[in-house]
$ cat my_file_12.cif   # mmCIF, C-alpha atoms and all ligand atoms; chains and numbers go by the auth columns
data_model
loop_
_atom_site.group_PDB
_atom_site.id
_atom_site.type_symbol
_atom_site.label_atom_id
_atom_site.label_comp_id
_atom_site.label_asym_id
_atom_site.label_seq_id
_atom_site.Cartn_x
_atom_site.Cartn_y
_atom_site.Cartn_z
_atom_site.B_iso_or_equiv
_atom_site.auth_seq_id
_atom_site.auth_asym_id
ATOM 1 C CA MET A 1 5.444 5.140 -0.768 0.00 1 A
ATOM 2 C CA VAL A 2 2.746 5.405 1.826 0.00 2 A
ATOM 3 C CA HIS A 3 -0.786 4.543 0.772 0.00 3 A
ATOM 4 C CA GLY A 4 -3.885 5.539 2.617 0.00 4 A
ATOM 5 C CA ASP A 5 -7.264 7.205 2.713 0.00 5 A
ATOM 6 C CA ASP A 6 -9.573 8.751 5.297 0.00 6 A
ATOM 7 C CA ALA A 7 -10.001 5.395 7.028 0.00 7 A
ATOM 8 C CA GLY A 8 -6.260 4.914 7.520 0.00 8 A
ATOM 9 C CA LEU A 9 -3.477 2.927 5.931 0.00 9 A
ATOM 10 C CA LYS A 10 -3.616 0.713 2.887 0.00 10 A
ATOM 11 C CA LEU A 11 -0.797 -1.805 2.900 0.00 11 A
ATOM 12 C CA PRO A 12 0.262 -3.651 -0.243 0.00 12 A
ATOM 13 C CA PRO A 13 -0.221 -7.404 0.400 0.00 13 A
ATOM 14 C CA ARG A 14 3.463 -8.234 -0.099 0.00 14 A
ATOM 15 C CA VAL A 15 4.593 -6.043 2.800 0.00 15 A
ATOM 16 C CA ALA A 16 1.528 -6.297 5.057 0.00 16 A
ATOM 17 C CA PRO A 17 2.344 -8.061 8.361 0.00 17 A
ATOM 18 C CA ALA A 18 -1.173 -9.535 8.232 0.00 18 A
ATOM 19 C CA GLN A 19 -2.566 -10.002 4.720 0.00 19 A
ATOM 20 C CA THR A 20 -6.002 -10.978 5.841 0.00 20 A
ATOM 21 C CA VAL A 21 -8.024 -10.813 9.016 0.00 21 A
ATOM 22 C CA VAL A 22 -10.843 -13.204 9.893 0.00 22 A
ATOM 23 C CA ILE A 23 -13.600 -11.626 11.960 0.00 23 A
ATOM 24 C CA PRO A 24 -16.277 -13.885 13.458 0.00 24 A
ATOM 25 C CA ILE A 25 -19.715 -12.253 13.661 0.00 25 A
ATOM 26 C CA THR A 26 -21.116 -13.779 16.802 0.00 26 A
ATOM 27 C CA PHE A 27 -24.467 -13.828 18.548 0.00 27 A
ATOM 28 C CA GLU A 28 -25.011 -15.457 21.928 0.00 28 A
ATOM 29 C CA ASP A 29 -26.825 -18.574 20.682 0.00 29 A
ATOM 30 C CA THR A 30 -24.384 -19.482 17.872 0.00 30 A
ATOM 31 C CA LYS A 31 -21.206 -18.051 19.301 0.00 31 A
ATOM 32 C CA GLU A 32 -19.207 -21.217 19.929 0.00 32 A
ATOM 33 C CA ASP A 33 -20.049 -22.694 16.561 0.00 33 A
ATOM 34 C CA ILE A 34 -19.047 -19.523 14.688 0.00 34 A
ATOM 35 C CA LEU A 35 -15.827 -19.097 16.682 0.00 35 A
ATOM 36 C CA SER A 36 -14.825 -22.664 15.912 0.00 36 A
ATOM 37 C CA LYS A 37 -15.627 -22.266 12.197 0.00 37 A
ATOM 38 C CA ALA A 38 -13.741 -18.962 12.040 0.00 38 A
ATOM 39 C CA GLY A 39 -10.770 -20.648 13.699 0.00 39 A
ATOM 40 C CA LYS A 40 -10.825 -23.399 11.078 0.00 40 A
ATOM 41 C CA LEU A 41 -11.051 -20.838 8.306 0.00 41 A
ATOM 42 C CA ALA A 42 -7.994 -19.004 9.645 0.00 42 A
ATOM 43 C CA GLU A 43 -6.046 -22.278 9.937 0.00 43 A
ATOM 44 C CA GLU A 44 -6.918 -23.206 6.390 0.00 44 A
ATOM 45 C CA LEU A 45 -5.763 -19.841 5.050 0.00 45 A
ATOM 46 C CA ASP A 46 -2.565 -20.100 7.055 0.00 46 A
ATOM 47 C CA ALA A 47 -1.942 -23.537 5.560 0.00 47 A
ATOM 48 C CA ALA A 48 -2.524 -22.027 2.108 0.00 48 A
ATOM 49 C CA GLY A 49 0.415 -19.691 2.719 0.00 49 A
ATOM 50 C CA LEU A 50 -1.364 -16.487 3.737 0.00 50 A
ATOM 51 C CA ARG A 51 -0.416 -14.331 6.714 0.00 51 A
ATOM 52 C CA VAL A 52 -3.658 -14.501 8.679 0.00 52 A
ATOM 53 C CA LYS A 53 -4.922 -12.877 11.837 0.00 53 A
ATOM 54 C CA LEU A 54 -7.974 -14.238 13.651 0.00 54 A
ATOM 55 C CA ASP A 55 -9.650 -11.489 15.642 0.00 55 A
ATOM 56 C CA ASP A 56 -11.727 -13.441 18.140 0.00 56 A
ATOM 57 C CA ARG A 57 -11.500 -10.836 20.906 0.00 57 A
ATOM 58 C CA ASP A 58 -14.684 -10.885 22.901 0.00 58 A
ATOM 59 C CA GLU A 59 -14.628 -7.316 24.201 0.00 59 A
ATOM 60 C CA TYR A 60 -15.059 -5.544 20.845 0.00 60 A
ATOM 61 C CA THR A 61 -17.957 -5.476 18.394 0.00 61 A
ATOM 62 C CA PRO A 62 -17.445 -6.559 14.771 0.00 62 A
ATOM 63 C CA GLY A 63 -17.931 -2.931 13.633 0.00 63 A
ATOM 64 C CA TRP A 64 -15.200 -1.737 15.954 0.00 64 A
ATOM 65 C CA LYS A 65 -12.881 -4.439 14.611 0.00 65 A
ATOM 66 C CA PHE A 66 -13.666 -3.530 10.991 0.00 66 A
ATOM 67 C CA ASN A 67 -12.570 0.048 11.680 0.00 67 A
ATOM 68 C CA GLU A 68 -9.451 -0.982 13.525 0.00 68 A
ATOM 69 C CA TRP A 69 -8.197 -3.330 10.810 0.00 69 A
ATOM 70 C CA GLU A 70 -9.008 -0.798 8.114 0.00 70 A
ATOM 71 C CA LEU A 71 -6.990 1.778 10.018 0.00 71 A
ATOM 72 C CA ARG A 72 -4.077 -0.653 10.170 0.00 72 A
ATOM 73 C CA GLY A 73 -4.294 -1.283 6.433 0.00 73 A
ATOM 74 C CA VAL A 74 -4.872 -5.051 6.318 0.00 74 A
ATOM 75 C CA PRO A 75 -5.557 -5.719 2.615 0.00 75 A
ATOM 76 C CA LEU A 76 -8.380 -8.253 2.943 0.00 76 A
ATOM 77 C CA ARG A 77 -11.083 -8.707 5.587 0.00 77 A
ATOM 78 C CA LEU A 78 -13.059 -11.923 5.863 0.00 78 A
ATOM 79 C CA GLU A 79 -16.272 -11.991 7.886 0.00 79 A
ATOM 80 C CA LEU A 80 -17.964 -15.158 9.006 0.00 80 A
ATOM 81 C CA GLY A 81 -21.372 -15.024 10.670 0.00 81 A
ATOM 82 C CA PRO A 82 -24.407 -17.315 10.989 0.00 82 A
ATOM 83 C CA GLN A 83 -25.876 -16.092 7.685 0.00 83 A
ATOM 84 C CA ASP A 84 -22.620 -16.768 5.854 0.00 84 A
ATOM 85 C CA VAL A 85 -22.441 -20.257 7.332 0.00 85 A
ATOM 86 C CA GLU A 86 -26.042 -20.920 6.327 0.00 86 A
ATOM 87 C CA LYS A 87 -25.315 -19.883 2.734 0.00 87 A
ATOM 88 C CA GLY A 88 -21.949 -21.661 2.639 0.00 88 A
ATOM 89 C CA VAL A 89 -20.045 -18.449 1.973 0.00 89 A
ATOM 90 C CA VAL A 90 -17.517 -16.056 3.500 0.00 90 A
ATOM 91 C CA THR A 91 -18.014 -12.300 3.181 0.00 91 A
ATOM 92 C CA ALA A 92 -14.849 -10.649 1.875 0.00 92 A
ATOM 93 C CA VAL A 93 -13.997 -6.934 1.773 0.00 93 A
ATOM 94 C CA ARG A 94 -10.993 -5.459 -0.049 0.00 94 A
ATOM 95 C CA ARG A 95 -9.287 -2.667 1.868 0.00 95 A
ATOM 96 C CA ASP A 96 -8.114 -0.816 -1.259 0.00 96 A
ATOM 97 C CA THR A 97 -11.463 -0.578 -3.078 0.00 97 A
ATOM 98 C CA ARG A 98 -13.863 -1.462 -0.211 0.00 98 A
ATOM 99 C CA GLU A 99 -15.406 -3.917 -2.678 0.00 99 A
ATOM 100 C CA LYS A 100 -17.523 -6.532 -0.906 0.00 100 A
ATOM 101 C CA ALA A 101 -18.133 -10.054 -2.184 0.00 101 A
ATOM 102 C CA GLN A 102 -19.534 -13.337 -0.984 0.00 102 A
ATOM 103 C CA ILE A 103 -17.193 -16.180 -1.788 0.00 103 A
ATOM 104 C CA ARG A 104 -18.047 -19.860 -1.601 0.00 104 A
ATOM 105 C CA ARG A 105 -16.507 -21.329 1.531 0.00 105 A
ATOM 106 C CA SER A 106 -14.852 -24.138 -0.444 0.00 106 A
ATOM 107 C CA GLU A 107 -13.120 -21.661 -2.748 0.00 107 A
ATOM 108 C CA ILE A 108 -12.003 -19.061 -0.240 0.00 108 A
ATOM 109 C CA ALA A 109 -8.299 -19.997 0.066 0.00 109 A
ATOM 110 C CA ALA A 110 -7.686 -19.971 -3.682 0.00 110 A
ATOM 111 C CA TRP A 111 -9.785 -16.835 -4.087 0.00 111 A
ATOM 112 C CA ALA A 112 -7.947 -14.999 -1.294 0.00 112 A
ATOM 113 C CA ASN A 113 -4.550 -15.861 -2.773 0.00 113 A
ATOM 114 C CA ALA A 114 -5.574 -14.680 -6.232 0.00 114 A
ATOM 115 C CA THR A 115 -7.241 -11.547 -4.848 0.00 115 A
ATOM 116 C CA LEU A 116 -4.178 -10.554 -2.814 0.00 116 A
ATOM 117 C CA ASP A 117 -2.111 -10.780 -6.014 0.00 117 A
ATOM 118 C CA LYS A 118 -4.672 -8.626 -7.757 0.00 118 A
ATOM 119 C CA ILE A 119 -4.666 -6.039 -4.940 0.00 119 A
ATOM 120 C CA GLN A 120 -0.857 -5.916 -5.096 0.00 120 A
ATOM 121 C CA GLY A 121 -0.946 -5.262 -8.845 0.00 121 A
ATOM 122 C CA ASP A 122 -3.773 -2.728 -8.636 0.00 122 A
ATOM 123 C CA MET A 123 -2.070 -0.773 -5.832 0.00 123 A
ATOM 124 C CA LEU A 124 1.227 -0.691 -7.691 0.00 124 A
ATOM 125 C CA ALA A 125 -0.492 0.571 -10.843 0.00 125 A
ATOM 126 C CA ALA A 126 -2.386 3.221 -8.853 0.00 126 A
ATOM 127 C CA ALA A 127 0.819 4.389 -7.146 0.00 127 A
ATOM 128 C CA ALA A 128 2.670 4.554 -10.471 0.00 128 A
ATOM 129 C CA ALA A 129 -0.166 6.558 -12.040 0.00 129 A
ATOM 130 C CA LEU A 130 -0.293 8.938 -9.075 0.00 130 A
ATOM 131 C CA LEU A 131 3.472 9.424 -9.196 0.00 131 A
ATOM 132 C CA ALA A 132 3.410 10.079 -12.946 0.00 132 A
ATOM 133 C CA GLU A 133 0.594 12.601 -12.459 0.00 133 A
ATOM 134 C CA ASN A 134 2.558 14.461 -9.784 0.00 134 A
ATOM 135 C CA THR A 135 5.976 14.384 -11.410 0.00 135 A
ATOM 136 C CA LYS A 136 7.560 16.959 -13.669 0.00 136 A
ATOM 137 C CA THR A 137 10.759 16.143 -15.528 0.00 137 A
ATOM 138 C CA VAL A 138 13.436 18.779 -16.054 0.00 138 A
ATOM 139 C CA ASP A 139 16.923 18.333 -17.523 0.00 139 A
ATOM 140 C CA ASN A 140 18.798 21.540 -16.683 0.00 140 A
ATOM 141 C CA CYS A 141 19.715 23.723 -13.703 0.00 141 A
ATOM 142 C CA ASP A 142 17.640 26.757 -14.710 0.00 142 A
ATOM 143 C CA ASP A 143 14.368 24.861 -14.992 0.00 143 A
ATOM 144 C CA PHE A 144 15.196 22.788 -11.920 0.00 144 A
ATOM 145 C CA TYR A 145 15.761 25.708 -9.553 0.00 145 A
ATOM 146 C CA LEU A 146 12.902 27.720 -11.040 0.00 146 A
ATOM 147 C CA LEU A 147 10.457 24.850 -10.620 0.00 147 A
ATOM 148 C CA LEU A 148 11.547 24.274 -7.027 0.00 148 A
ATOM 149 C CA GLU A 149 10.674 27.868 -6.132 0.00 149 A
ATOM 150 C CA GLY A 150 7.031 26.772 -6.345 0.00 150 A
ATOM 151 C CA ARG A 151 5.192 23.665 -5.184 0.00 151 A
ATOM 152 C CA PRO A 152 5.981 21.235 -7.959 0.00 152 A
ATOM 153 C CA GLY A 153 5.208 17.869 -6.363 0.00 153 A
ATOM 154 C CA PHE A 154 7.932 15.500 -7.519 0.00 154 A
ATOM 155 C CA VAL A 155 10.681 16.742 -9.793 0.00 155 A
ATOM 156 C CA ARG A 156 12.533 14.137 -11.833 0.00 156 A
ATOM 157 C CA ALA A 157 15.961 15.426 -12.769 0.00 157 A
ATOM 158 C CA PRO A 158 19.420 14.181 -13.773 0.00 158 A
ATOM 159 C CA TRP A 159 21.752 14.029 -10.779 0.00 159 A
ATOM 160 C CA CYS A 160 25.500 13.561 -10.353 0.00 160 A
ATOM 161 C CA GLY A 161 25.201 11.335 -7.289 0.00 161 A
ATOM 162 C CA GLY A 162 27.222 13.700 -5.104 0.00 162 A
ATOM 163 C CA THR A 163 26.316 14.248 -1.465 0.00 163 A
ATOM 164 C CA SER A 164 27.573 17.828 -1.427 0.00 164 A
ATOM 165 C CA CYS A 165 25.440 18.531 -4.516 0.00 165 A
ATOM 166 C CA GLU A 166 22.401 17.079 -2.731 0.00 166 A
ATOM 167 C CA ASP A 167 23.169 19.222 0.328 0.00 167 A
ATOM 168 C CA HIS A 168 23.474 22.312 -1.866 0.00 168 A
ATOM 169 C CA ILE A 169 20.089 21.626 -3.489 0.00 169 A
ATOM 170 C CA ALA A 170 18.496 21.152 -0.052 0.00 170 A
ATOM 171 C CA ALA A 171 19.982 24.414 1.232 0.00 171 A
ATOM 172 C CA GLU A 172 18.902 26.374 -1.863 0.00 172 A
ATOM 173 C CA THR A 173 15.409 24.955 -2.363 0.00 173 A
ATOM 174 C CA GLY A 174 14.368 22.851 0.623 0.00 174 A
ATOM 175 C CA ALA A 175 14.049 19.853 -1.705 0.00 175 A
ATOM 176 C CA THR A 176 15.633 16.485 -1.017 0.00 176 A
ATOM 177 C CA ILE A 177 15.863 13.273 -2.965 0.00 177 A
ATOM 178 C CA ARG A 178 12.803 11.198 -2.145 0.00 178 A
ATOM 179 C CA PHE A 179 13.749 8.144 -4.088 0.00 179 A
ATOM 180 C CA LEU A 180 15.943 6.670 -6.755 0.00 180 A
ATOM 181 C CA PRO A 181 14.436 3.990 -8.969 0.00 181 A
ATOM 182 C CA LEU A 182 15.591 0.525 -7.860 0.00 182 A
ATOM 183 C CA GLU A 183 17.104 0.053 -11.265 0.00 183 A
ATOM 184 C CA ALA A 184 18.956 3.321 -11.760 0.00 184 A
ATOM 185 C CA GLU A 185 17.777 5.253 -14.800 0.00 185 A
ATOM 186 C CA ASP A 186 20.914 6.267 -16.645 0.00 186 A
ATOM 187 C CA ALA A 187 21.339 10.036 -17.112 0.00 187 A
ATOM 188 C CA SER A 188 24.980 10.094 -18.217 0.00 188 A
ATOM 189 C CA ASP A 189 24.085 11.987 -21.393 0.00 189 A
ATOM 190 C CA HIS A 190 22.849 14.908 -19.241 0.00 190 A
ATOM 191 C CA SER A 191 24.324 17.481 -16.927 0.00 191 A
ATOM 192 C CA CYS A 192 23.391 17.381 -13.232 0.00 192 A
ATOM 193 C CA ALA A 193 20.398 19.664 -12.550 0.00 193 A
ATOM 194 C CA GLY A 194 21.908 20.581 -9.181 0.00 194 A
ATOM 195 C CA CYS A 195 25.540 21.432 -9.977 0.00 195 A
ATOM 196 C CA ALA A 196 25.833 21.167 -13.781 0.00 196 A
ATOM 197 C CA GLY A 197 28.497 18.469 -13.411 0.00 197 A
ATOM 198 C CA LYS A 198 28.226 15.171 -15.234 0.00 198 A
ATOM 199 C CA ALA A 199 24.966 13.412 -14.310 0.00 199 A
ATOM 200 C CA LYS A 200 24.786 9.725 -13.444 0.00 200 A
ATOM 201 C CA MET A 201 21.143 8.901 -12.854 0.00 201 A
ATOM 202 C CA TRP A 202 17.655 10.315 -12.745 0.00 202 A
ATOM 203 C CA ALA A 203 16.493 11.150 -9.223 0.00 203 A
ATOM 204 C CA TYR A 204 13.144 12.267 -7.785 0.00 204 A
ATOM 205 C CA PHE A 205 13.210 15.405 -5.659 0.00 205 A
ATOM 206 C CA ALA A 206 10.473 16.892 -3.519 0.00 206 A
ATOM 207 C CA LYS A 207 10.080 19.608 -0.906 0.00 207 A
ATOM 208 C CA ALA A 208 8.667 19.066 2.542 0.00 208 A
ATOM 209 C CA TYR A 209 5.799 21.444 3.304 0.00 209 A
HETATM 210 ZN ZN ZN B . 25.332 17.535 -8.963 0.00 1 B
#
$ encode --input "my_file_12.cif" --output "structure tokens"
Amino acid sequence: MVHGDDAGLKLPPRVAPAQTVVIPITFEDTKEDILSKAGKLAEELDAAGLRVKLDDRDEYTPGWKFNEWELRGVPLRLELGPQDVEKGVVTAVRRDTREKAQIRRSEIAAWANATLDKIQGDMLAAAAALLAENTKTVDNCDDFYLLLEGRPGFVRAPWCGGTSCEDHIAAETGATIRFLPLEAEDASDHSCAGCAGKAKMWAYFAKAY
């Protein structure tokens, strides 16, 4: 499933190419010091097993970088500027909730690892809740075809597993199978909602609008 909001993508940490991005907040007088500290921070996170990106490009402002990495869906942003260094912290922002926190510099690797796990769990729960909210279950042909005349969101229905049946459903309703649960949900005690033959598994159908 694709996650996102007005600011762009939201990638679950497990599949995100970069799980966290380190953005140095530089000013002319402290630039070299901050860049070096941000580099060390990124190395430390990398050593702790995270997929890290250090955005030390000189030609873009921090604000521009924040927007870009949000758009790309990187789950966790870490900012390091002179004020953070002075306080001995790193400023962290979660992509999924936009929650901002200041984390002690010495604890950042452990915190980032734990927080990425938490983001993964929270996003999965949110996706499951959204799916449940937008899914209607039917177990017979009449209800299935009637429901698909409207705009039902996802329709969970018993299916025989046949390609020609799937093609028939698509031709009649415009709906296709969007996904099958990784562990097939047995529907062998039902008839297929598409062709009334013997069903094998529950499938999720939806129309493209
Ligand atoms: Zn069928």
$ closest_residue --input "my_file_12.cif" --among "A:Leu71, A:Ile25, A:Leu50, A:Leu35" --to "Asp6 in chain A" --atoms "only C-alpha atoms"
A:Leu71
$ closest_atom_pairs --input "my_file_12.cif" --of "chain A" --to "ligand ZN 1 (chain B)" --cutoff "9 Å" --atoms "all atoms listed in the file" --output "CSV"
residue,atom,partner,partner_atom,distance
A:Pro158,CA,B:ZN1,ZN,8.3
A:Trp159,CA,B:ZN1,ZN,5.3
A:Cys160,CA,B:ZN1,ZN,4.2
A:Gly161,CA,B:ZN1,ZN,6.4
A:Gly162,CA,B:ZN1,ZN,5.8
A:Thr163,CA,B:ZN1,ZN,8.2
A:Ser164,CA,B:ZN1,ZN,7.9
A:Cys165,CA,B:ZN1,ZN,4.6
A:Glu166,CA,B:ZN1,ZN,6.9
A:His168,CA,B:ZN1,ZN,8.8
A:Ile169,CA,B:ZN1,ZN,8.6
A:Ser191,CA,B:ZN1,ZN,8.0
A:Cys192,CA,B:ZN1,ZN,4.7
A:Ala193,CA,B:ZN1,ZN,6.5
A:Gly194,CA,B:ZN1,ZN,4.6
A:Cys195,CA,B:ZN1,ZN,4.0
A:Ala196,CA,B:ZN1,ZN,6.1
A:Gly197,CA,B:ZN1,ZN,5.5
A:Lys198,CA,B:ZN1,ZN,7.3
A:Ala199,CA,B:ZN1,ZN,6.8
$ residues_around --input "my_file_12.cif" --residues "Glu133 in chain A" --least-positions-apart "4" --cutoff "12 Å" --atoms "all atoms listed in the file" --output "MDAnalysis selection string"
chainID A and resid 126:129 137 152:155
$ residues_near_point --input "my_file_12.cif" --point "(5.6, -5.6, 4.5)" --cutoff "12 Å" --atoms "only C-alpha atoms" --output "ChimeraX atom specification"
/A:1-2,10-19,51,73-75,120
$ resolve_selection --input "my_file_12.cif" --expression "the PyMOL selection byres (((chain A and resi 177) around 7) and not hetatm)" --output "mmCIF file with C-alpha atoms, in the frame of the given file"
data_model
loop_
_atom_site.group_PDB
_atom_site.id
_atom_site.type_symbol
_atom_site.label_atom_id
_atom_site.label_comp_id
_atom_site.auth_asym_id
_atom_site.auth_seq_id
_atom_site.Cartn_x
_atom_site.Cartn_y
_atom_site.Cartn_z
ATOM 1 C CA ALA A 175 14.049 19.853 -1.705
ATOM 2 C CA THR A 176 15.633 16.485 -1.017
ATOM 3 C CA ARG A 178 12.803 11.198 -2.145
ATOM 4 C CA PHE A 179 13.749 8.144 -4.088
ATOM 5 C CA ALA A 203 16.493 11.150 -9.223
ATOM 6 C CA TYR A 204 13.144 12.267 -7.785
ATOM 7 C CA PHE A 205 13.210 15.405 -5.659
ATOM 8 C CA ALA A 206 10.473 16.892 -3.519
#
$ closest_residue --input "my_file_12.cif" --among "A:Asp5, A:Asp167, A:Glu86, A:Asp117" --to "Asp33 in chain A" --atoms "only C-alpha atoms"
A:Glu86
$ closest_residue --input "my_file_12.cif" --among "A:Leu76, A:Val21, A:Leu41, A:Ala7" --to "Asn113 in chain A" --atoms "all atoms listed in the file"
A:Leu76
$ resolve_selection --input "my_file_12.cif" --expression "the PyMOL selection byres (((chain A and resi 42) around 10) and not hetatm)" --output "ChimeraX atom specification"
/A:20-23,36-41,43-48,50-55,78,109
$ atom_distance --input "my_file_12.cif" --atom1 "CA of Thr26 in chain A" --atom2 "CA of Gly63 in chain A"
11.7 Å
$ closest_residue --input "my_file_12.cif" --among "A:Val85, A:Ala112, A:Val138, A:Ala92" --to "His190 in chain A" --atoms "only C-alpha atoms"
A:Val138
$ build_atoms --input "my_file_12.cif" --residues "range 40-68 of chain A" --atoms "N, CA and C atoms" --output "PDB file, in the coordinates of the input"
ATOM      1  N   LYS A  40     -11.173 -22.456  12.149  1.00  0.00           N
ATOM      2  CA  LYS A  40     -10.825 -23.399  11.078  1.00  0.00           C
ATOM      3  C   LYS A  40     -10.495 -22.659   9.791  1.00  0.00           C
ATOM      4  N   LEU A  41     -11.284 -21.640   9.515  1.00  0.00           N
ATOM      5  CA  LEU A  41     -11.051 -20.838   8.306  1.00  0.00           C
ATOM      6  C   LEU A  41      -9.652 -20.210   8.359  1.00  0.00           C
ATOM      7  N   ALA A  42      -9.310 -19.636   9.505  1.00  0.00           N
ATOM      8  CA  ALA A  42      -7.994 -19.004   9.645  1.00  0.00           C
ATOM      9  C   ALA A  42      -6.869 -20.028   9.487  1.00  0.00           C
ATOM     10  N   GLU A  43      -7.066 -21.213  10.060  1.00  0.00           N
ATOM     11  CA  GLU A  43      -6.046 -22.278   9.937  1.00  0.00           C
ATOM     12  C   GLU A  43      -5.858 -22.683   8.479  1.00  0.00           C
ATOM     13  N   GLU A  44      -6.970 -22.784   7.796  1.00  0.00           N
ATOM     14  CA  GLU A  44      -6.918 -23.206   6.390  1.00  0.00           C
ATOM     15  C   GLU A  44      -6.174 -22.170   5.539  1.00  0.00           C
ATOM     16  N   LEU A  45      -6.435 -20.904   5.810  1.00  0.00           N
ATOM     17  CA  LEU A  45      -5.763 -19.841   5.050  1.00  0.00           C
ATOM     18  C   LEU A  45      -4.274 -19.815   5.373  1.00  0.00           C
ATOM     19  N   ASP A  46      -3.967 -20.043   6.630  1.00  0.00           N
ATOM     20  CA  ASP A  46      -2.565 -20.100   7.055  1.00  0.00           C
ATOM     21  C   ASP A  46      -1.853 -21.243   6.322  1.00  0.00           C
ATOM     22  N   ALA A  47      -2.520 -22.380   6.244  1.00  0.00           N
ATOM     23  CA  ALA A  47      -1.942 -23.537   5.560  1.00  0.00           C
ATOM     24  C   ALA A  47      -1.769 -23.264   4.067  1.00  0.00           C
ATOM     25  N   ALA A  48      -2.610 -22.364   3.542  1.00  0.00           N
ATOM     26  CA  ALA A  48      -2.524 -22.027   2.108  1.00  0.00           C
ATOM     27  C   ALA A  48      -1.447 -20.965   1.850  1.00  0.00           C
ATOM     28  N   GLY A  49      -0.720 -20.586   2.913  1.00  0.00           N
ATOM     29  CA  GLY A  49       0.415 -19.691   2.719  1.00  0.00           C
ATOM     30  C   GLY A  49       0.139 -18.218   2.955  1.00  0.00           C
ATOM     31  N   LEU A  50      -1.052 -17.894   3.472  1.00  0.00           N
ATOM     32  CA  LEU A  50      -1.364 -16.487   3.737  1.00  0.00           C
ATOM     33  C   LEU A  50      -0.966 -16.107   5.164  1.00  0.00           C
ATOM     34  N   ARG A  51      -0.627 -14.838   5.352  1.00  0.00           N
ATOM     35  CA  ARG A  51      -0.416 -14.331   6.714  1.00  0.00           C
ATOM     36  C   ARG A  51      -1.776 -13.890   7.254  1.00  0.00           C
ATOM     37  N   VAL A  52      -2.282 -14.673   8.201  1.00  0.00           N
ATOM     38  CA  VAL A  52      -3.658 -14.501   8.679  1.00  0.00           C
ATOM     39  C   VAL A  52      -3.701 -14.086  10.139  1.00  0.00           C
ATOM     40  N   LYS A  53      -4.673 -13.248  10.450  1.00  0.00           N
ATOM     41  CA  LYS A  53      -4.922 -12.877  11.837  1.00  0.00           C
ATOM     42  C   LYS A  53      -6.383 -13.228  12.123  1.00  0.00           C
ATOM     43  N   LEU A  54      -6.602 -13.947  13.222  1.00  0.00           N
ATOM     44  CA  LEU A  54      -7.974 -14.238  13.651  1.00  0.00           C
ATOM     45  C   LEU A  54      -8.294 -13.282  14.789  1.00  0.00           C
ATOM     46  N   ASP A  55      -9.291 -12.442  14.579  1.00  0.00           N
ATOM     47  CA  ASP A  55      -9.650 -11.489  15.642  1.00  0.00           C
ATOM     48  C   ASP A  55     -10.872 -12.012  16.385  1.00  0.00           C
ATOM     49  N   ASP A  56     -10.612 -12.851  17.392  1.00  0.00           N
ATOM     50  CA  ASP A  56     -11.727 -13.441  18.140  1.00  0.00           C
ATOM     51  C   ASP A  56     -11.884 -12.774  19.502  1.00  0.00           C
ATOM     52  N   ARG A  57     -11.359 -11.550  19.632  1.00  0.00           N
ATOM     53  CA  ARG A  57     -11.500 -10.836  20.906  1.00  0.00           C
ATOM     54  C   ARG A  57     -12.985 -10.642  21.234  1.00  0.00           C
ATOM     55  N   ASP A  58     -13.293 -10.886  22.466  1.00  0.00           N
ATOM     56  CA  ASP A  58     -14.684 -10.885  22.901  1.00  0.00           C
ATOM     57  C   ASP A  58     -15.176  -9.481  23.266  1.00  0.00           C
ATOM     58  N   GLU A  59     -14.226  -8.599  23.616  1.00  0.00           N
ATOM     59  CA  GLU A  59     -14.628  -7.316  24.201  1.00  0.00           C
ATOM     60  C   GLU A  59     -14.938  -6.240  23.157  1.00  0.00           C
ATOM     61  N   TYR A  60     -14.763  -6.542  21.873  1.00  0.00           N
ATOM     62  CA  TYR A  60     -15.059  -5.544  20.845  1.00  0.00           C
ATOM     63  C   TYR A  60     -16.133  -6.042  19.882  1.00  0.00           C
ATOM     64  N   THR A  61     -16.930  -5.114  19.364  1.00  0.00           N
ATOM     65  CA  THR A  61     -17.957  -5.476  18.394  1.00  0.00           C
ATOM     66  C   THR A  61     -17.304  -5.670  17.024  1.00  0.00           C
ATOM     67  N   PRO A  62     -17.985  -6.406  16.131  1.00  0.00           N
ATOM     68  CA  PRO A  62     -17.445  -6.559  14.771  1.00  0.00           C
ATOM     69  C   PRO A  62     -17.182  -5.192  14.109  1.00  0.00           C
ATOM     70  N   GLY A  63     -18.110  -4.246  14.258  1.00  0.00           N
ATOM     71  CA  GLY A  63     -17.931  -2.931  13.633  1.00  0.00           C
ATOM     72  C   GLY A  63     -16.667  -2.225  14.111  1.00  0.00           C
ATOM     73  N   TRP A  64     -16.403  -2.339  15.383  1.00  0.00           N
ATOM     74  CA  TRP A  64     -15.200  -1.737  15.954  1.00  0.00           C
ATOM     75  C   TRP A  64     -13.961  -2.377  15.346  1.00  0.00           C
ATOM     76  N   LYS A  65     -14.018  -3.705  15.192  1.00  0.00           N
ATOM     77  CA  LYS A  65     -12.881  -4.439  14.611  1.00  0.00           C
ATOM     78  C   LYS A  65     -12.683  -4.068  13.141  1.00  0.00           C
ATOM     79  N   PHE A  66     -13.789  -3.922  12.412  1.00  0.00           N
ATOM     80  CA  PHE A  66     -13.666  -3.530  10.991  1.00  0.00           C
ATOM     81  C   PHE A  66     -12.861  -2.237  10.897  1.00  0.00           C
ATOM     82  N   ASN A  67     -13.257  -1.249  11.701  1.00  0.00           N
ATOM     83  CA  ASN A  67     -12.570   0.048  11.680  1.00  0.00           C
ATOM     84  C   ASN A  67     -11.098  -0.085  12.046  1.00  0.00           C
ATOM     85  N   GLU A  68     -10.835  -0.869  13.073  1.00  0.00           N
ATOM     86  CA  GLU A  68      -9.451  -0.982  13.525  1.00  0.00           C
ATOM     87  C   GLU A  68      -8.555  -1.600  12.457  1.00  0.00           C
TER      88      GLU A  68
END
